[in-house]
Amino acid sequence: MNIAIINNKGGTGKTTTCVNLGAALAVLGYRTLLVDLDSQTSATLSLGIKRDQMNPSSADILFGSANARDTIRKTGISKLDLITGQMDLASADLMLADFPGRELRLSRGLQEVKQDYDFILYDCPPSLTMLSINALMASDYYIVPMSIEYLALEGLISLMNGIDRMQQGMGLSSELIGILFTCTKPRIIRKQITKEISELIRNHYDGKVFQTEIPRDKHLEEAPASGKNIFQFAPNSRGAKAYKTLAMEVIKRCNISTDAGDNQDKLNGSQ
């Protein structure tokens, strides 16, 4: 199952979700590949890869200078593999301008390894560039992480309009599997405007908003500096418990068999 983690607004927990959802799925026993498509390489850094160790990367797949198998590396987390990001991704729109079928470069480049994984997660840049378009074209589903605030709501509307145009004009078949509220405060202390925005989104997207919410948690903020996912860094934290629940909800929504998940108890502790 291929899932793009996407939002055209920064600071929404997109990379945090990609890394920790990927880790949760891997610990559950699902073979998972994380593909970093952001030139800021935040997902790659969060998994402990240094800047001078990022080649070959997803940029090499897109630009045709390496095949997918040569770019995949182990992360030190059983069943979780990584294709790193790279600064060269910043010029992807320009580099891909003359390639025929440029929106399908990623999908075609990963074709040889797709059967090796139960899940492939794409960490998209915070904009609808050719990188995000490639991720959506390669995906079966997409997840939109967002904070519950007015500007994030406007960003969601803009993103969904952009994806709708892609579905009509480019034959995009990727479906929304869920909107994910991140950086949330306990419901009892939320401001009225926050409650109203939350209810508006849940009512409008009827069933397409995850029941799981990712709380504000200092451990989620601190984990990337150690090059660890939340289950390694703080396995008993609120953030770890939330991503465990999210992983199970994603599996259910994807209609994936739970037979691979005989390691679920590991999510209550470190690997």
# chains A, B, ... in the order shown; residues from 1 in each chain; ligands from 1
call {"tool": "residues_around", "arguments": {"residues": "Ser147 (chain A)", "least_positions_apart": "4", "cutoff": "6 Å", "atoms": "only C-alpha atoms", "output": "list in words"}}
result
Thr12, Phe181 and Thr182 of chain A
call {"tool": "residues_around", "arguments": {"residues": "region 83-88 of chain A", "least_positions_apart": "4", "cutoff": "8 Å", "atoms": "only C-alpha atoms", "output": "tab-separated table (two decimals) with N, CA and C atoms, in the first residue's frame"}}
result
chain	number	residue	atom	x	y	z
A	33	LEU	N	8.65	0.95	3.76
A	33	LEU	CA	9.68	1.79	3.14
A	33	LEU	C	9.26	3.24	3.25
A	34	LEU	N	10.14	4.08	3.76
A	34	LEU	CA	9.89	5.51	3.85
A	34	LEU	C	10.72	6.20	2.77
A	35	VAL	N	10.06	7.02	1.96
A	35	VAL	CA	10.73	7.74	0.88
A	35	VAL	C	10.70	9.24	1.19
A	36	ASP	N	11.88	9.81	1.43
A	36	ASP	CA	11.99	11.23	1.76
A	36	ASP	C	12.08	12.03	0.46
A	37	LEU	N	11.09	12.88	0.21
A	37	LEU	CA	11.04	13.69	-1.01
A	37	LEU	C	11.22	15.17	-0.74
A	38	ASP	N	11.64	15.52	0.46
A	38	ASP	CA	11.78	16.91	0.86
A	38	ASP	C	13.26	17.31	0.83
A	39	SER	N	13.57	18.41	0.17
A	39	SER	CA	14.97	18.85	0.09
A	39	SER	C	15.53	19.23	1.45
A	40	GLN	N	14.66	19.48	2.44
A	40	GLN	CA	15.13	19.76	3.80
A	40	GLN	C	15.58	18.49	4.51
A	41	THR	N	15.25	17.34	3.96
A	41	THR	CA	15.69	16.00	4.43
A	41	THR	C	15.36	15.74	5.90
A	43	ALA	N	13.01	13.95	7.38
A	43	ALA	CA	12.73	12.56	7.70
A	43	ALA	C	14.03	11.75	7.76
A	44	THR	N	14.92	12.03	6.83
A	44	THR	CA	16.20	11.33	6.79
A	44	THR	C	17.02	11.63	8.05
A	54	MET	N	23.88	10.87	2.57
A	54	MET	CA	22.56	10.80	1.95
A	54	MET	C	22.55	10.32	0.51
A	55	ASN	N	23.69	10.15	-0.10
A	55	ASN	CA	23.74	9.66	-1.48
A	55	ASN	C	23.92	8.14	-1.50
A	56	PRO	N	23.25	7.46	-2.44
A	56	PRO	CA	22.25	7.95	-3.39
A	56	PRO	C	20.90	8.17	-2.70
A	57	SER	N	20.05	8.95	-3.34
A	57	SER	CA	18.82	9.41	-2.70
A	57	SER	C	17.63	9.29	-3.66
A	58	SER	N	16.48	9.76	-3.19
A	58	SER	CA	15.29	9.77	-4.04
A	58	SER	C	15.49	10.65	-5.28
A	59	ALA	N	16.36	11.66	-5.17
A	59	ALA	CA	16.66	12.51	-6.32
A	59	ALA	C	17.26	11.68	-7.46
A	71	THR	N	19.29	2.57	-3.89
A	71	THR	CA	19.11	3.72	-3.00
A	71	THR	C	18.54	3.32	-1.63
A	72	ILE	N	18.02	2.11	-1.52
A	72	ILE	CA	17.37	1.68	-0.27
A	72	ILE	C	18.42	1.33	0.77
A	73	ARG	N	18.20	1.78	1.98
A	73	ARG	CA	19.12	1.45	3.08
A	73	ARG	C	18.33	1.06	4.33
A	92	ALA	N	14.07	20.04	-8.39
A	92	ALA	CA	13.40	18.95	-9.12
A	92	ALA	C	12.49	19.45	-10.23
call {"tool": "closest_atom_pairs", "arguments": {"of": "region 73-136 of chain A", "to": "region 224-248 of chain A", "cutoff": "12 Å", "atoms": "only C-alpha atoms", "output": "CSV"}}
result
residue,atom,partner,partner_atom,distance
A:Thr75,CA,A:Lys228,CA,9.7
A:Gly76,CA,A:Lys228,CA,9.6
A:Ile77,CA,A:Gln232,CA,9.2
A:Ser78,CA,A:Gln232,CA,11.9
A:Leu80,CA,A:Asn229,CA,11.1
A:Phe119,CA,A:Ala247,CA,11.2
call {"tool": "residues_around", "arguments": {"residues": "Ser127 (chain A)", "least_positions_apart": "3", "cutoff": "9 Å", "atoms": "only C-alpha atoms", "output": "list in words"}}
result
Ile6, Asn7, Asn8, Lys9, Gly10, Cys124, Leu131, Ser132 and Leu159 of chain A
call {"tool": "write_last_selection", "arguments": {"atoms": "C-alpha atoms", "output": "PDB file, in the first residue's frame"}}
result
ATOM      1  CA  ILE A   6       1.110  15.587   2.298  1.00  0.00           C
ATOM      2  CA  ASN A   7       0.234  19.157   3.205  1.00  0.00           C
ATOM      3  CA  ASN A   8       1.136  22.347   1.352  1.00  0.00           C
ATOM      4  CA  LYS A   9       1.616  24.128   4.676  1.00  0.00           C
ATOM      5  CA  GLY A  10       4.692  23.684   6.868  1.00  0.00           C
ATOM      6  CA  CYS A 124       6.273  15.214   0.649  1.00  0.00           C
ATOM      7  CA  LEU A 131       7.716  16.125  -6.094  1.00  0.00           C
ATOM      8  CA  SER A 132       4.352  16.034  -4.334  1.00  0.00           C
ATOM      9  CA  LEU A 159      -4.728  21.498  -0.997  1.00  0.00           C
TER      10      LEU A 159
END
call {"tool": "residues_around", "arguments": {"residues": "Asp118 (chain A)", "least_positions_apart": "2", "cutoff": "8 Å", "atoms": "only C-alpha atoms", "output": "ChimeraX atom specification"}}
result
/A:1,30-32,115-116,120
call {"tool": "decode", "arguments": {"residues": "region 112-213 of chain A", "atoms": "C-alpha atoms", "output": "mmCIF file, in the first residue's frame"}}
result
data_model
loop_
_atom_site.group_PDB
_atom_site.id
_atom_site.type_symbol
_atom_site.label_atom_id
_atom_site.label_comp_id
_atom_site.auth_asym_id
_atom_site.auth_seq_id
_atom_site.Cartn_x
_atom_site.Cartn_y
_atom_site.Cartn_z
ATOM 1 C CA GLU A 112 10.820 -2.926 -9.137
ATOM 2 C CA VAL A 113 10.642 -2.751 -5.317
ATOM 3 C CA LYS A 114 6.958 -2.152 -4.618
ATOM 4 C CA GLN A 115 6.261 -5.854 -4.194
ATOM 5 C CA ASP A 116 8.902 -6.023 -1.447
ATOM 6 C CA TYR A 117 6.864 -3.876 0.961
ATOM 7 C CA ASP A 118 3.492 -3.876 2.644
ATOM 8 C CA PHE A 119 3.599 -0.089 2.983
ATOM 9 C CA ILE A 120 5.514 2.660 1.195
ATOM 10 C CA LEU A 121 5.186 6.096 2.808
ATOM 11 C CA TYR A 122 6.156 9.287 0.965
ATOM 12 C CA ASP A 123 7.211 12.341 2.970
ATOM 13 C CA CYS A 124 6.273 15.214 0.649
ATOM 14 C CA PRO A 125 7.614 18.786 0.685
ATOM 15 C CA PRO A 126 5.262 21.495 2.024
ATOM 16 C CA SER A 127 3.974 22.538 -1.413
ATOM 17 C CA LEU A 128 2.270 21.031 -4.456
ATOM 18 C CA THR A 129 5.431 20.841 -6.552
ATOM 19 C CA MET A 130 6.337 18.140 -9.036
ATOM 20 C CA LEU A 131 7.716 16.125 -6.094
ATOM 21 C CA SER A 132 4.352 16.034 -4.334
ATOM 22 C CA ILE A 133 2.619 15.309 -7.632
ATOM 23 C CA ASN A 134 4.972 12.359 -8.202
ATOM 24 C CA ALA A 135 4.206 11.054 -4.712
ATOM 25 C CA LEU A 136 0.451 11.329 -5.250
ATOM 26 C CA MET A 137 0.671 9.645 -8.649
ATOM 27 C CA ALA A 138 2.633 6.779 -7.042
ATOM 28 C CA SER A 139 0.186 6.387 -4.149
ATOM 29 C CA ASP A 140 -3.016 4.494 -3.500
ATOM 30 C CA TYR A 141 -3.951 6.861 -0.675
ATOM 31 C CA TYR A 142 -2.861 10.078 0.962
ATOM 32 C CA ILE A 143 -2.942 11.401 4.530
ATOM 33 C CA VAL A 144 -3.205 15.105 5.361
ATOM 34 C CA PRO A 145 -1.780 16.019 8.798
ATOM 35 C CA MET A 146 -2.947 19.408 10.033
ATOM 36 C CA SER A 147 -3.135 21.528 13.155
ATOM 37 C CA ILE A 148 -6.586 22.699 14.217
ATOM 38 C CA GLU A 149 -6.410 26.394 13.409
ATOM 39 C CA TYR A 150 -7.914 28.817 10.904
ATOM 40 C CA LEU A 151 -4.915 29.148 8.559
ATOM 41 C CA ALA A 152 -4.480 25.386 8.517
ATOM 42 C CA LEU A 153 -8.137 25.083 7.505
ATOM 43 C CA GLU A 154 -7.551 27.497 4.613
ATOM 44 C CA GLY A 155 -4.494 25.467 3.631
ATOM 45 C CA LEU A 156 -6.550 22.263 3.680
ATOM 46 C CA ILE A 157 -9.133 23.790 1.352
ATOM 47 C CA SER A 158 -6.388 24.915 -1.037
ATOM 48 C CA LEU A 159 -4.728 21.498 -0.997
ATOM 49 C CA MET A 160 -7.946 19.608 -1.624
ATOM 50 C CA ASN A 161 -8.836 21.922 -4.499
ATOM 51 C CA GLY A 162 -5.399 21.317 -6.022
ATOM 52 C CA ILE A 163 -5.753 17.548 -5.706
ATOM 53 C CA ASP A 164 -9.228 17.709 -7.202
ATOM 54 C CA ARG A 165 -7.785 19.466 -10.265
ATOM 55 C CA MET A 166 -5.158 16.733 -10.538
ATOM 56 C CA GLN A 167 -7.836 14.043 -10.411
ATOM 57 C CA GLN A 168 -9.692 15.709 -13.250
ATOM 58 C CA GLY A 169 -6.729 16.742 -15.399
ATOM 59 C CA MET A 170 -4.041 14.127 -14.751
ATOM 60 C CA GLY A 171 -6.010 10.982 -14.010
ATOM 61 C CA LEU A 172 -4.889 10.902 -10.377
ATOM 62 C CA SER A 173 -6.503 7.924 -8.611
ATOM 63 C CA SER A 174 -5.030 8.354 -5.116
ATOM 64 C CA GLU A 175 -7.776 8.648 -2.482
ATOM 65 C CA LEU A 176 -7.905 10.498 0.813
ATOM 66 C CA ILE A 177 -7.601 7.901 3.553
ATOM 67 C CA GLY A 178 -7.722 10.422 6.356
ATOM 68 C CA ILE A 179 -7.132 13.910 7.710
ATOM 69 C CA LEU A 180 -5.013 13.757 10.864
ATOM 70 C CA PHE A 181 -5.224 16.371 13.606
ATOM 71 C CA THR A 182 -1.768 16.966 15.079
ATOM 72 C CA CYS A 183 -0.309 19.007 17.944
ATOM 73 C CA THR A 184 -3.660 18.881 19.692
ATOM 74 C CA LYS A 185 -4.492 20.003 23.200
ATOM 75 C CA PRO A 186 -6.875 18.052 25.458
ATOM 76 C CA ARG A 187 -10.454 18.654 24.301
ATOM 77 C CA ILE A 188 -11.503 20.051 27.658
ATOM 78 C CA ILE A 189 -9.106 23.033 27.436
ATOM 79 C CA ARG A 190 -9.441 23.832 23.720
ATOM 80 C CA LYS A 191 -10.538 27.297 22.702
ATOM 81 C CA GLN A 192 -14.009 27.648 21.245
ATOM 82 C CA ILE A 193 -12.691 28.505 17.777
ATOM 83 C CA THR A 194 -10.565 25.344 17.829
ATOM 84 C CA LYS A 195 -13.586 23.239 18.727
ATOM 85 C CA GLU A 196 -15.606 24.861 15.952
ATOM 86 C CA ILE A 197 -12.904 24.240 13.320
ATOM 87 C CA SER A 198 -12.541 20.630 14.453
ATOM 88 C CA GLU A 199 -16.271 20.005 14.214
ATOM 89 C CA LEU A 200 -16.497 21.796 10.851
ATOM 90 C CA ILE A 201 -13.817 19.568 9.343
ATOM 91 C CA ARG A 202 -15.210 16.365 10.847
ATOM 92 C CA ASN A 203 -18.705 17.170 9.607
ATOM 93 C CA HIS A 204 -17.610 18.246 6.125
ATOM 94 C CA TYR A 205 -15.282 15.300 5.486
ATOM 95 C CA ASP A 206 -17.655 12.811 7.156
ATOM 96 C CA GLY A 207 -15.617 9.730 8.103
ATOM 97 C CA LYS A 208 -12.436 10.913 6.378
ATOM 98 C CA VAL A 209 -10.952 12.395 9.555
ATOM 99 C CA PHE A 210 -9.007 9.953 11.713
ATOM 100 C CA GLN A 211 -10.459 9.300 15.138
ATOM 101 C CA THR A 212 -6.872 9.296 16.369
ATOM 102 C CA GLU A 213 -5.394 12.682 17.209
#
